[in-house]
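Here is the structure we will look at, set down as structure tokens.
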Number of protein chains: 4
Amino acid sequence: MTDTRKPVFLVIGAGAGIGGNAAKRFAAGGYHAVLARRSDEEGLARLVGEIEDAGGSASGILLNASEDGTIEELVERIERDIGPIECALYNLGAQIGNRTLHDTPHRTFELGWRLGCYGVFRLAHAMFPAMVERAKTGRHGTLLVTSATSAVRGNAGQHSHAAAMGGRRMLCQTLNAEFGPQGIHVAHIVVDGSVDAPDTLGKLLGDKYEAYKASKGEDGVIDPANIAETYWHLAQQPRNCWTHEVDIRPWTDVAWWNDNPNPTINSTAANPGFAGPGNTSE
Amino acid sequence: MTDTRKPVFLVIGAGAGIGGNAAKRFAAGGYHAVLARRSDEEGLARLVGEIEDAGGSASGILLNASEDGTIEELVERIERDIGPIECALYNLGAQIGNRTLHDTPHRTFELGWRLGCYGVFRLAHAMFPAMVERAKTGRHGTLLVTSATSAVRGNAGQHSHAAAMGGRRMLCQTLNAEFGPQGIHVAHIVVDGSVDAPDTLGKLLGDKYEAYKASKGEDGVIDPANIAETYWHLAQQPRNCWTHEVDIRPWTDVAWWNDNPNPTINSTAANPGFAGPGNTSE
Amino acid sequence: MTDTRKPVFLVIGAGAGIGGNAAKRFAAGGYHAVLARRSDEEGLARLVGEIEDAGGSASGILLNASEDGTIEELVERIERDIGPIECALYNLGAQIGNRTLHDTPHRTFELGWRLGCYGVFRLAHAMFPAMVERAKTGRHGTLLVTSATSAVRGNAGQHSHAAAMGGRRMLCQTLNAEFGPQGIHVAHIVVDGSVDAPDTLGKLLGDKYEAYKASKGEDGVIDPANIAETYWHLAQQPRNCWTHEVDIRPWTDVAWWNDNPNPTINSTAANPGFAGPGNTSE
Amino acid sequence: MTDTRKPVFLVIGAGAGIGGNAAKRFAAGGYHAVLARRSDEEGLARLVGEIEDAGGSASGILLNASEDGTIEELVERIERDIGPIECALYNLGAQIGNRTLHDTPHRTFELGWRLGCYGVFRLAHAMFPAMVERAKTGRHGTLLVTSATSAVRGNAGQHSHAAAMGGRRMLCQTLNAEFGPQGIHVAHIVVDGSVDAPDTLGKLLGDKYEAYKASKGEDGVIDPANIAETYWHLAQQPRNCWTHEVDIRPWTDVAWWNDNPNPTINSTAANPGFAGPGNTSE
């Protein structure tokens with residue numbers, strides 16, 4: 001018996017930034033969006049309302065994802081009461097700003113791992129068995145994981161975040177290796193720039209948010225609606241053409257692997273402009 | 001005075017695989033496609049015809065890209081006679097199959113570099129000045145570069161190809177670092193699987209092509225039309241949300257960094273299944 | 001007042017493989033070795049005895065590193081009662097063999113993180129303050145971290161191990177970024193091959209251990225005494241010439257990024273021998 | 001009949017920096033050092049003299065390595081007249097300082113490839129056949145390749161250098177994959193910091209050399225004698241414990257993947273201190 005209900009797009013971490021925008025995009029594309037977040041019932045209701053006003057369907061739920069059993073119970077409930085989860089977005093992070101090792105308490109480090117890494121494991125554990133079954137009938141599932149620069153390199157001050165994100169990235173690779181051939185598309189998205197997200201960056205910077213955005217220049221901060229468009233593209237890739245990893249940043253930012261954003265790159269005096277000159281032709 | 005001509009999508013390496021399909025996709029999206037390839041005038045005319053039959057506009061040209069001046073002259077001619085190149089796809093490779101070092105002649109190695117790396121440099125040199133000027137008026141340009149697994153790791157037998165592709169990847173990063181902030185989007189696409197391309201893989205394998213495809217299973221070979229769709233997405237990303245690198249492979253293939261495609265992963269006998277066990281908890 | 005006691009080399013995870021051999025090497029070089037491991041009091045005493053018989057000095061301690069407070073208390077005790085920890089080796093892993101996601105319990109995944117990642121954080125937290133102080137007087141400290149292929153790529157079956165090791169690697173980078181300029185050398189060693197370690201690989205394989213080693217051919221398994229020599233080299237590098245990451249494998253193994261160990265690399269039939277042929281010169 | 005002559009250590013690119021110091025180290029270790037460089041006969045004679053004064057043996061030769069046949073002829077001559085090349089160091093680079101694409105002529109880009117990438121291919125082609133034969137009798141050979149940060153990431157201004165070094169790195173991987181199992185150890189060393197090299201960095205900076213070094217602080221520039229010590233270690237690794245890649249930098253430099261060397265890492269105002277905040281826990 002075929003499941004005739006609308007496919008579900010589940011977002012864990014559905015604030016007004018990437019999560020909420022992805023929910024809108026997938027709802028516009030025909031999914032029922034389920035938005036889960038920890039707090040701000042009003043903000044959540046507003047997002048659901050906006051989706052419905054645009055002709056889409058959505059549900060919202062408040063949920064503490066770091067608590068054992070919460071994600072698991074949610075997945076079970078959706079599959080039973082709402083519809084088959086065809087695509088999920090794990091959008092929780094663990095960014096706490098730059099902290100020295102001394103100022104990174106053990107509990108903070110552990111919570112970073114719970115939100116940044118363990119939650120992905122728990123979601124996959126709960127959600128993949130049904131996805132594998134459906135994939136046998138040709139409906140492949142997708143797990144999108146929002147990630148950050150800290151997943152690929154550890155900067156000073158990022159002990160908690162980088163350890164969590166580095167684990168998250170390797171976990172996405174193990175999930176992909178086991179479940180890709182079983183019909184589940186796992187995509188790890190390295191967001192390598194600031195996102196215009198009122199609920200996270202906005203709250204973190206407070207009063208300075210607008211000044212910060214202005215300092216980045218025109219189009220210097222990523223519009224989360226654009227990230228949502230890339231997520232939509234990834235989820236629609238046919239199974240003979242899957243992307244596992246993609247990076248995203250504004251045109252004004254240098255990539256994480258670059259260190260000289262300076263357009264005046266021909267100087268030789270103060271800035272000799274290169275590393276490892278010892279091995280130039282001798 | 002605004003240039004009111006159609007924007008041009010230029011493909012260097014326009015066979016019946018990725019190049020031709022990308023030309024079709026961009027023509028369908030409103031670009032005038034210019035298809036350049038080294039040989040097979042008939043195949044070229046067929047591609048142009050298919051685009052025109054579908055209501056698009058296109059031109060074809062035979063060109064030996066490894067010869068000095070050819071790319072440069074083509075860029076100049078297009079800008080003058082056809083329209084502004086808003087997007088270009090460098091789609092030439094240098095794959096020659098697996099060869100030992102002994103069986104890789106010096107001339108072959110050099111030609112690999114000419115096609116795989118130097119050509120990208122030449123195209124950027126010729127094309128970027130006009131793109132930079134146009135970007136100042138808000139029309140950003142895009143350079144898409146088809147690349148291969150050899151750009152990120154060197155396998156045995158790939159001396160020529162990996163050296164060329166490794167250089168190509170680093171060059172794309174330097175181009176991106178200099179020209180991103182000037183409004184040119186450079187994207188490096190790692191095609192990490194076999195593409196259903198009659199003009200390249202097909203010719204290379206000859207009689208064995210169909211058997212090879214069958215051996216890969218359903219959807220085990222990448223449909224180049226799907227890659228074209230990802231290229232289209234990349235070229236349409238707004239400038240606050242640019243991707244520099246993306247990987248692509250069929251669901252049935254393990255990623256290049258994986259080595260155990262085996263679904264029976266719980267054995268411990270013949271296959272202890274891990275590297276570096278010396279550091280397990282003691 | 002200068003601390004005139006012997007410098008200490010602390011090993012967390014001192015079995016008969018890498019840990020024990022590193023202890024021997026550093027003791028031979030003039031350090032007092034402190035060997036910590038979870039169990040096997042007899043094996044521990046044997047290692048300490050071998051070091052003393054060779055004219056070195058060493059202490060052994062049984063310790064459950066996954067338990068809160070154990071590492072912290074040990075560091076404090078050594079600094080107070082034995083000597084200044086000038087070099088430490090974190091040698092605990094979390095390899096459990098290949099397991100499907102289904103066969104990876106939540107508790108196992110968490111324990112993997114506790115041993116593989118959190119322990120490094122705890123050791124650094126406890127040990128670095130004194131090291132930073134001593135570095136101001138010109139005696140720089142070193143943290144060596146044994147790591148595994150799973151730290152750089154996630155294979156099928158390695159959910160727990162790869163998530164732990166990926167976090168470990170990023171953590172080593174954040175520690176290095178913050179503490180390098182303060183005089184602490186952090187080195188992350190990717191052991192990308194099987195180590196001849198009776199206490200880990202030996203126990204895991206049991207009866208099949210000897211057959212496994214034989215199957216790898218002559219010098220096909222890493223002698224941990226050789227790894228110890230590389231550790232010694234890293235710890236002796238002067239501070240103007242520090243290595244952060246190094247890989248190690250036997251000559252007979254291909255590197256983790258390679259997938260065709262086959263010496264017969266010129267075939268074109270069954271094995272076309274390349275990925276991404278769609279972008280060859282068209 | 002066994003070759004009873006001294007084993008040879010060949011350096012291509014033997015200036016007063018890394019190349020000359022490596023020659024001294026290997027001569028002290030019992031090799032006959034052959035120092036090849038393009039110019040400065042006097043400087044070359046001085047290096048040879050210093051080695052001989054220290055009780056070692058060495059020869060010097062002026063050679064334009066970018067010219068076809070030169071490396072090939074040298075290898076043949078050494079094997080015939082001096083001794084078996086057991087270890088070679090390819091130490092030529094192609095650093096030209098930071099240049100815009102516009103200021104990077106086509107000839108410069110090609111020369112960068114000839115020196116930075118093609119030369120390694122030519123050396124391996126000429127030298128490996130004899131090394132493979134000797135390895136069958138248990139005497140493994142080693143190829144050390146000095147490389148630079150540009151081999152792993154392309155910064156603005158590094159078009160020529162990064163394309164050459166990126167190709168060089170991938171080539172080292174293909175050589176390692178084919179020849180490791182045949183008994184040749186290929187090691188790629190990423191020098192990620194300024195080297196105190198009078199013949200290269202010194203000449204490039206001229207008058208400003210001493211001021212530059214002073215600006216880097218105590219031990220802020222790599223002493224090439226220390227790099228030579230790491231090269232010696234790599235060349236002595238037994239074949240069950242080979243390193244393919246290692247990075248080197250001074251303690252005062254952040255690694256290439258880091259971008260915030262700032263020790264004051266707790267600020268949140270001007271420097272929010274992180275990328276990708278959109279995915280923090282919502």
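Naming scheme: A, B, ... for chains in displayed order of the structure tokens; residues 1 onward per chain; ligands 1 onward as shown.
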
Requested in this report: Just the residues within 10 Å of Tyr231 in chain A, please, counting only C-alpha atoms, with nothing from its chain fewer than 6 positions along; format it as a PyMOL selection string.
Outcome: chain A and resi 18+22+25-26+89+144-146+187+189+225

Report task. Would you mind listing what lies within 8 Å of Trp257 in chain C as a PyMOL selection string, with only C-alpha atoms counted and same-chain residues fewer than 4 positions away left out? Result -> chain B and resi 153-155+256-258

Requested in this report: With a distance cut-off of 10 Å and only C-alpha atoms, select the neighbouring residues of Glu229 in chain B, excluding the residue or stretch itself and same-chain residues fewer than 5 positions from it, and output the selection as a ChimeraX atom specification.
Outcome: /A:233,237,241 /B:21-22,25-26,224,234-235

Same residues, N, CA, C and O atoms, output as a tab-separated table (two decimals), in the first residue's frame:
chain	number	residue	atom	x	y	z
A	233	HIS	N	18.12	22.50	-4.43
A	233	HIS	CA	18.81	21.88	-5.57
A	233	HIS	C	19.43	20.55	-5.17
A	233	HIS	O	19.29	19.55	-5.89
A	237	GLN	N	18.62	16.57	-6.72
A	237	GLN	CA	19.56	15.89	-7.62
A	237	GLN	C	19.15	14.42	-7.80
A	237	GLN	O	18.96	13.70	-6.81
A	241	CYS	N	23.57	11.49	-9.71
A	241	CYS	CA	24.33	12.75	-9.71
A	241	CYS	C	24.17	13.43	-8.36
A	241	CYS	O	23.52	14.46	-8.24
B	21	ASN	N	25.57	19.07	-23.03
B	21	ASN	CA	24.38	19.18	-22.19
B	21	ASN	C	24.32	20.51	-21.46
B	21	ASN	O	23.24	21.07	-21.27
B	22	ALA	N	25.50	21.00	-21.03
B	22	ALA	CA	25.51	22.31	-20.39
B	22	ALA	C	25.08	23.38	-21.39
B	22	ALA	O	24.31	24.29	-21.07
B	25	ARG	N	21.39	23.34	-21.63
B	25	ARG	CA	20.72	23.88	-20.44
B	25	ARG	C	20.78	25.40	-20.40
B	25	ARG	O	19.79	26.06	-20.08
B	26	PHE	N	21.95	25.95	-20.72
B	26	PHE	CA	22.08	27.41	-20.66
B	26	PHE	C	21.35	28.07	-21.82
B	26	PHE	O	20.80	29.17	-21.66
B	224	PRO	N	24.96	13.29	-17.93
B	224	PRO	CA	25.53	14.65	-18.03
B	224	PRO	C	24.47	15.76	-18.01
B	224	PRO	O	24.78	16.89	-17.65
B	234	LEU	N	24.69	26.61	-10.07
B	234	LEU	CA	25.87	27.36	-9.62
B	234	LEU	C	25.94	28.73	-10.28
B	234	LEU	O	26.23	29.74	-9.64
B	235	ALA	N	25.66	28.76	-11.57
B	235	ALA	CA	25.76	30.03	-12.30
B	235	ALA	C	24.67	31.02	-11.89
B	235	ALA	O	24.80	32.22	-12.11

So which bits of range 25-145 of chain B end up strand (DSSP E or B) when you DSSP the backbone, as a PDB file with all heavy atoms, in the first residue's frame?
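The file below, out_14.pdb, is the result:
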ATOM      1  N   HIS B  32      22.941  32.649 -25.291  1.00  0.00           N
ATOM      2  CA  HIS B  32      23.411  32.153 -26.572  1.00  0.00           C
ATOM      3  C   HIS B  32      24.614  31.263 -26.292  1.00  0.00           C
ATOM      4  O   HIS B  32      25.593  31.709 -25.690  1.00  0.00           O
ATOM      5  CB  HIS B  32      23.823  33.311 -27.500  1.00  0.00           C
ATOM      6  CG  HIS B  32      24.382  32.820 -28.797  1.00  0.00           C
ATOM      7  ND1 HIS B  32      23.591  32.558 -29.908  1.00  0.00           N
ATOM      8  CD2 HIS B  32      25.653  32.508 -29.162  1.00  0.00           C
ATOM      9  CE1 HIS B  32      24.348  32.117 -30.888  1.00  0.00           C
ATOM     10  NE2 HIS B  32      25.603  32.083 -30.465  1.00  0.00           N
ATOM     11  N   ALA B  33      24.534  30.010 -26.695  1.00  0.00           N
ATOM     12  CA  ALA B  33      25.621  29.067 -26.414  1.00  0.00           C
ATOM     13  C   ALA B  33      26.639  29.054 -27.545  1.00  0.00           C
ATOM     14  O   ALA B  33      26.263  28.958 -28.715  1.00  0.00           O
ATOM     15  CB  ALA B  33      25.054  27.665 -26.192  1.00  0.00           C
ATOM     16  N   VAL B  34      27.906  29.153 -27.182  1.00  0.00           N
ATOM     17  CA  VAL B  34      28.971  28.973 -28.168  1.00  0.00           C
ATOM     18  C   VAL B  34      29.704  27.686 -27.808  1.00  0.00           C
ATOM     19  O   VAL B  34      30.274  27.566 -26.724  1.00  0.00           O
ATOM     20  CB  VAL B  34      29.952  30.163 -28.176  1.00  0.00           C
ATOM     21  CG1 VAL B  34      31.094  29.890 -29.152  1.00  0.00           C
ATOM     22  CG2 VAL B  34      29.234  31.453 -28.540  1.00  0.00           C
ATOM     23  N   LEU B  35      29.646  26.734 -28.725  1.00  0.00           N
ATOM     24  CA  LEU B  35      30.250  25.420 -28.479  1.00  0.00           C
ATOM     25  C   LEU B  35      31.565  25.292 -29.226  1.00  0.00           C
ATOM     26  O   LEU B  35      31.576  25.352 -30.459  1.00  0.00           O
ATOM     27  CB  LEU B  35      29.302  24.298 -28.918  1.00  0.00           C
ATOM     28  CG  LEU B  35      27.960  24.178 -28.172  1.00  0.00           C
ATOM     29  CD1 LEU B  35      26.912  25.103 -28.772  1.00  0.00           C
ATOM     30  CD2 LEU B  35      27.474  22.739 -28.156  1.00  0.00           C
ATOM     31  N   ALA B  36      32.649  25.105 -28.486  1.00  0.00           N
ATOM     32  CA  ALA B  36      33.953  24.934 -29.123  1.00  0.00           C
ATOM     33  C   ALA B  36      34.486  23.550 -28.828  1.00  0.00           C
ATOM     34  O   ALA B  36      34.426  23.074 -27.702  1.00  0.00           O
ATOM     35  CB  ALA B  36      34.928  25.997 -28.611  1.00  0.00           C
ATOM     36  N   ARG B  37      34.976  22.906 -29.858  1.00  0.00           N
ATOM     37  CA  ARG B  37      35.589  21.596 -29.668  1.00  0.00           C
ATOM     38  C   ARG B  37      36.628  21.369 -30.754  1.00  0.00           C
ATOM     39  O   ARG B  37      36.692  22.106 -31.738  1.00  0.00           O
ATOM     40  CB  ARG B  37      34.539  20.502 -29.688  1.00  0.00           C
ATOM     41  CG  ARG B  37      33.758  20.415 -30.995  1.00  0.00           C
ATOM     42  CD  ARG B  37      32.607  19.431 -30.918  1.00  0.00           C
ATOM     43  NE  ARG B  37      33.066  18.077 -30.765  1.00  0.00           N
ATOM     44  CZ  ARG B  37      32.243  17.042 -30.574  1.00  0.00           C
ATOM     45  NH1 ARG B  37      30.925  17.244 -30.483  1.00  0.00           N
ATOM     46  NH2 ARG B  37      32.709  15.825 -30.463  1.00  0.00           N
ATOM     47  N   SER B  57      19.439  29.532 -29.074  1.00  0.00           N
ATOM     48  CA  SER B  57      20.386  29.997 -30.080  1.00  0.00           C
ATOM     49  C   SER B  57      21.789  29.542 -29.717  1.00  0.00           C
ATOM     50  O   SER B  57      22.157  29.504 -28.548  1.00  0.00           O
ATOM     51  CB  SER B  57      20.316  31.524 -30.228  1.00  0.00           C
ATOM     52  OG  SER B  57      20.976  32.171 -29.179  1.00  0.00           O
ATOM     53  N   ALA B  58      22.555  29.175 -30.735  1.00  0.00           N
ATOM     54  CA  ALA B  58      23.885  28.608 -30.487  1.00  0.00           C
ATOM     55  C   ALA B  58      24.764  28.759 -31.715  1.00  0.00           C
ATOM     56  O   ALA B  58      24.274  28.906 -32.838  1.00  0.00           O
ATOM     57  CB  ALA B  58      23.764  27.124 -30.118  1.00  0.00           C
ATOM     58  N   SER B  59      26.074  28.737 -31.482  1.00  0.00           N
ATOM     59  CA  SER B  59      27.053  28.698 -32.560  1.00  0.00           C
ATOM     60  C   SER B  59      28.060  27.607 -32.241  1.00  0.00           C
ATOM     61  O   SER B  59      28.303  27.309 -31.075  1.00  0.00           O
ATOM     62  CB  SER B  59      27.840  30.013 -32.676  1.00  0.00           C
ATOM     63  OG  SER B  59      27.095  31.129 -32.293  1.00  0.00           O
ATOM     64  N   GLY B  60      28.660  27.041 -33.293  1.00  0.00           N
ATOM     65  CA  GLY B  60      29.690  26.029 -33.072  1.00  0.00           C
ATOM     66  C   GLY B  60      30.989  26.443 -33.735  1.00  0.00           C
ATOM     67  O   GLY B  60      30.979  27.139 -34.747  1.00  0.00           O
ATOM     68  N   ILE B  61      32.086  26.009 -33.126  1.00  0.00           N
ATOM     69  CA  ILE B  61      33.378  26.304 -33.738  1.00  0.00           C
ATOM     70  C   ILE B  61      34.354  25.169 -33.453  1.00  0.00           C
ATOM     71  O   ILE B  61      34.375  24.626 -32.347  1.00  0.00           O
ATOM     72  CB  ILE B  61      33.960  27.642 -33.217  1.00  0.00           C
ATOM     73  CG1 ILE B  61      35.286  27.937 -33.914  1.00  0.00           C
ATOM     74  CG2 ILE B  61      34.136  27.622 -31.715  1.00  0.00           C
ATOM     75  CD1 ILE B  61      35.818  29.322 -33.659  1.00  0.00           C
ATOM     76  N   LEU B  62      35.125  24.802 -34.483  1.00  0.00           N
ATOM     77  CA  LEU B  62      36.195  23.827 -34.266  1.00  0.00           C
ATOM     78  C   LEU B  62      37.452  24.596 -33.888  1.00  0.00           C
ATOM     79  O   LEU B  62      37.792  25.591 -34.525  1.00  0.00           O
ATOM     80  CB  LEU B  62      36.439  22.995 -35.523  1.00  0.00           C
ATOM     81  CG  LEU B  62      35.307  22.031 -35.894  1.00  0.00           C
ATOM     82  CD1 LEU B  62      35.711  21.169 -37.091  1.00  0.00           C
ATOM     83  CD2 LEU B  62      34.921  21.128 -34.719  1.00  0.00           C
ATOM     84  N   ILE B  85      30.337  37.499 -22.824  1.00  0.00           N
ATOM     85  CA  ILE B  85      30.432  36.178 -22.204  1.00  0.00           C
ATOM     86  C   ILE B  85      30.117  36.322 -20.715  1.00  0.00           C
ATOM     87  O   ILE B  85      30.941  36.800 -19.943  1.00  0.00           O
ATOM     88  CB  ILE B  85      31.840  35.573 -22.392  1.00  0.00           C
ATOM     89  CG1 ILE B  85      32.206  35.536 -23.884  1.00  0.00           C
ATOM     90  CG2 ILE B  85      31.904  34.167 -21.797  1.00  0.00           C
ATOM     91  CD1 ILE B  85      33.636  35.101 -24.165  1.00  0.00           C
ATOM     92  N   GLU B  86      28.940  35.901 -20.334  1.00  0.00           N
ATOM     93  CA  GLU B  86      28.586  36.008 -18.923  1.00  0.00           C
ATOM     94  C   GLU B  86      28.968  34.758 -18.156  1.00  0.00           C
ATOM     95  O   GLU B  86      29.142  34.787 -16.950  1.00  0.00           O
ATOM     96  CB  GLU B  86      27.080  36.271 -18.765  1.00  0.00           C
ATOM     97  CG  GLU B  86      26.767  37.731 -18.945  1.00  0.00           C
ATOM     98  CD  GLU B  86      25.466  38.134 -18.263  1.00  0.00           C
ATOM     99  OE1 GLU B  86      24.819  37.319 -17.576  1.00  0.00           O
ATOM    100  OE2 GLU B  86      25.100  39.298 -18.461  1.00  0.00           O
ATOM    101  N   CYS B  87      29.029  33.665 -18.867  1.00  0.00           N
ATOM    102  CA  CYS B  87      29.409  32.410 -18.210  1.00  0.00           C
ATOM    103  C   CYS B  87      30.231  31.579 -19.182  1.00  0.00           C
ATOM    104  O   CYS B  87      29.886  31.484 -20.369  1.00  0.00           O
ATOM    105  CB  CYS B  87      28.161  31.639 -17.767  1.00  0.00           C
ATOM    106  SG  CYS B  87      28.520  30.152 -16.807  1.00  0.00           S
ATOM    107  N   ALA B  88      31.312  30.996 -18.683  1.00  0.00           N
ATOM    108  CA  ALA B  88      32.101  30.091 -19.513  1.00  0.00           C
ATOM    109  C   ALA B  88      32.314  28.786 -18.758  1.00  0.00           C
ATOM    110  O   ALA B  88      32.408  28.776 -17.530  1.00  0.00           O
ATOM    111  CB  ALA B  88      33.449  30.714 -19.861  1.00  0.00           C
ATOM    112  N   LEU B  89      32.351  27.723 -19.514  1.00  0.00           N
ATOM    113  CA  LEU B  89      32.634  26.404 -18.946  1.00  0.00           C
ATOM    114  C   LEU B  89      33.902  25.872 -19.589  1.00  0.00           C
ATOM    115  O   LEU B  89      33.967  25.690 -20.803  1.00  0.00           O
ATOM    116  CB  LEU B  89      31.466  25.445 -19.229  1.00  0.00           C
ATOM    117  CG  LEU B  89      31.731  23.951 -18.961  1.00  0.00           C
ATOM    118  CD1 LEU B  89      32.109  23.695 -17.515  1.00  0.00           C
ATOM    119  CD2 LEU B  89      30.508  23.120 -19.359  1.00  0.00           C
ATOM    120  N   TYR B  90      34.917  25.660 -18.757  1.00  0.00           N
ATOM    121  CA  TYR B  90      36.127  25.017 -19.254  1.00  0.00           C
ATOM    122  C   TYR B  90      35.971  23.523 -19.008  1.00  0.00           C
ATOM    123  O   TYR B  90      35.984  23.067 -17.870  1.00  0.00           O
ATOM    124  CB  TYR B  90      37.380  25.548 -18.561  1.00  0.00           C
ATOM    125  CG  TYR B  90      38.636  25.107 -19.275  1.00  0.00           C
ATOM    126  CD1 TYR B  90      39.140  25.847 -20.344  1.00  0.00           C
ATOM    127  CD2 TYR B  90      39.296  23.944 -18.922  1.00  0.00           C
ATOM    128  CE1 TYR B  90      40.275  25.445 -21.036  1.00  0.00           C
ATOM    129  CE2 TYR B  90      40.433  23.528 -19.606  1.00  0.00           C
ATOM    130  CZ  TYR B  90      40.914  24.286 -20.657  1.00  0.00           C
ATOM    131  OH  TYR B  90      42.031  23.879 -21.355  1.00  0.00           O
ATOM    132  N   GLY B 141      30.114  37.790 -13.657  1.00  0.00           N
ATOM    133  CA  GLY B 141      30.445  36.699 -14.572  1.00  0.00           C
ATOM    134  C   GLY B 141      30.727  35.412 -13.813  1.00  0.00           C
ATOM    135  O   GLY B 141      30.942  35.421 -12.609  1.00  0.00           O
ATOM    136  N   THR B 142      30.709  34.306 -14.533  1.00  0.00           N
ATOM    137  CA  THR B 142      30.946  32.998 -13.914  1.00  0.00           C
ATOM    138  C   THR B 142      31.893  32.168 -14.770  1.00  0.00           C
ATOM    139  O   THR B 142      31.746  32.109 -15.995  1.00  0.00           O
ATOM    140  CB  THR B 142      29.617  32.217 -13.759  1.00  0.00           C
ATOM    141  OG1 THR B 142      28.674  33.013 -13.035  1.00  0.00           O
ATOM    142  CG2 THR B 142      29.836  30.902 -13.028  1.00  0.00           C
ATOM    143  N   LEU B 143      32.860  31.531 -14.106  1.00  0.00           N
ATOM    144  CA  LEU B 143      33.704  30.550 -14.772  1.00  0.00           C
ATOM    145  C   LEU B 143      33.497  29.203 -14.095  1.00  0.00           C
ATOM    146  O   LEU B 143      33.810  29.041 -12.915  1.00  0.00           O
ATOM    147  CB  LEU B 143      35.189  30.942 -14.680  1.00  0.00           C
ATOM    148  CG  LEU B 143      36.181  29.874 -15.168  1.00  0.00           C
ATOM    149  CD1 LEU B 143      35.964  29.504 -16.625  1.00  0.00           C
ATOM    150  CD2 LEU B 143      37.626  30.336 -14.954  1.00  0.00           C
ATOM    151  N   LEU B 144      32.939  28.265 -14.834  1.00  0.00           N
ATOM    152  CA  LEU B 144      32.754  26.902 -14.341  1.00  0.00           C
ATOM    153  C   LEU B 144      33.889  26.043 -14.877  1.00  0.00           C
ATOM    154  O   LEU B 144      34.190  26.100 -16.066  1.00  0.00           O
ATOM    155  CB  LEU B 144      31.417  26.339 -14.832  1.00  0.00           C
ATOM    156  CG  LEU B 144      30.166  27.139 -14.467  1.00  0.00           C
ATOM    157  CD1 LEU B 144      28.961  26.637 -15.285  1.00  0.00           C
ATOM    158  CD2 LEU B 144      29.878  27.024 -12.973  1.00  0.00           C
ATOM    159  N   VAL B 145      34.492  25.246 -14.012  1.00  0.00           N
ATOM    160  CA  VAL B 145      35.581  24.388 -14.448  1.00  0.00           C
ATOM    161  C   VAL B 145      35.262  22.941 -14.059  1.00  0.00           C
ATOM    162  O   VAL B 145      35.201  22.603 -12.881  1.00  0.00           O
ATOM    163  CB  VAL B 145      36.922  24.835 -13.819  1.00  0.00           C
ATOM    164  CG1 VAL B 145      38.051  23.919 -14.260  1.00  0.00           C
ATOM    165  CG2 VAL B 145      37.233  26.282 -14.199  1.00  0.00           C
TER     166      VAL B 145
END

Query raised in the report: Counting only C-alpha atoms, which residues from chain A have an atom at most 9 Å from any atom of chain B, and could you show them as a PyMOL selection string?
Result: chain A and resi 173-174+176-178+180-185+193+218-224+226-227+229-230+233-234+237-255+258+260-263+265

Query raised in the report: With only C-alpha atoms as the basis for distance, which of B:Phe9, B:Ala124, B:Asp68, B:Ile78 is at the shortest distance from Arg107 in chain D?
Result: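 The closest residue to Arg107 in chain D is B:Asp68.
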
Query raised in the report: How many Å lie between CA of Tyr31 in chain B and CA of Phe128 in chain B, rounded to one decimal?
Result: 18.4 Å
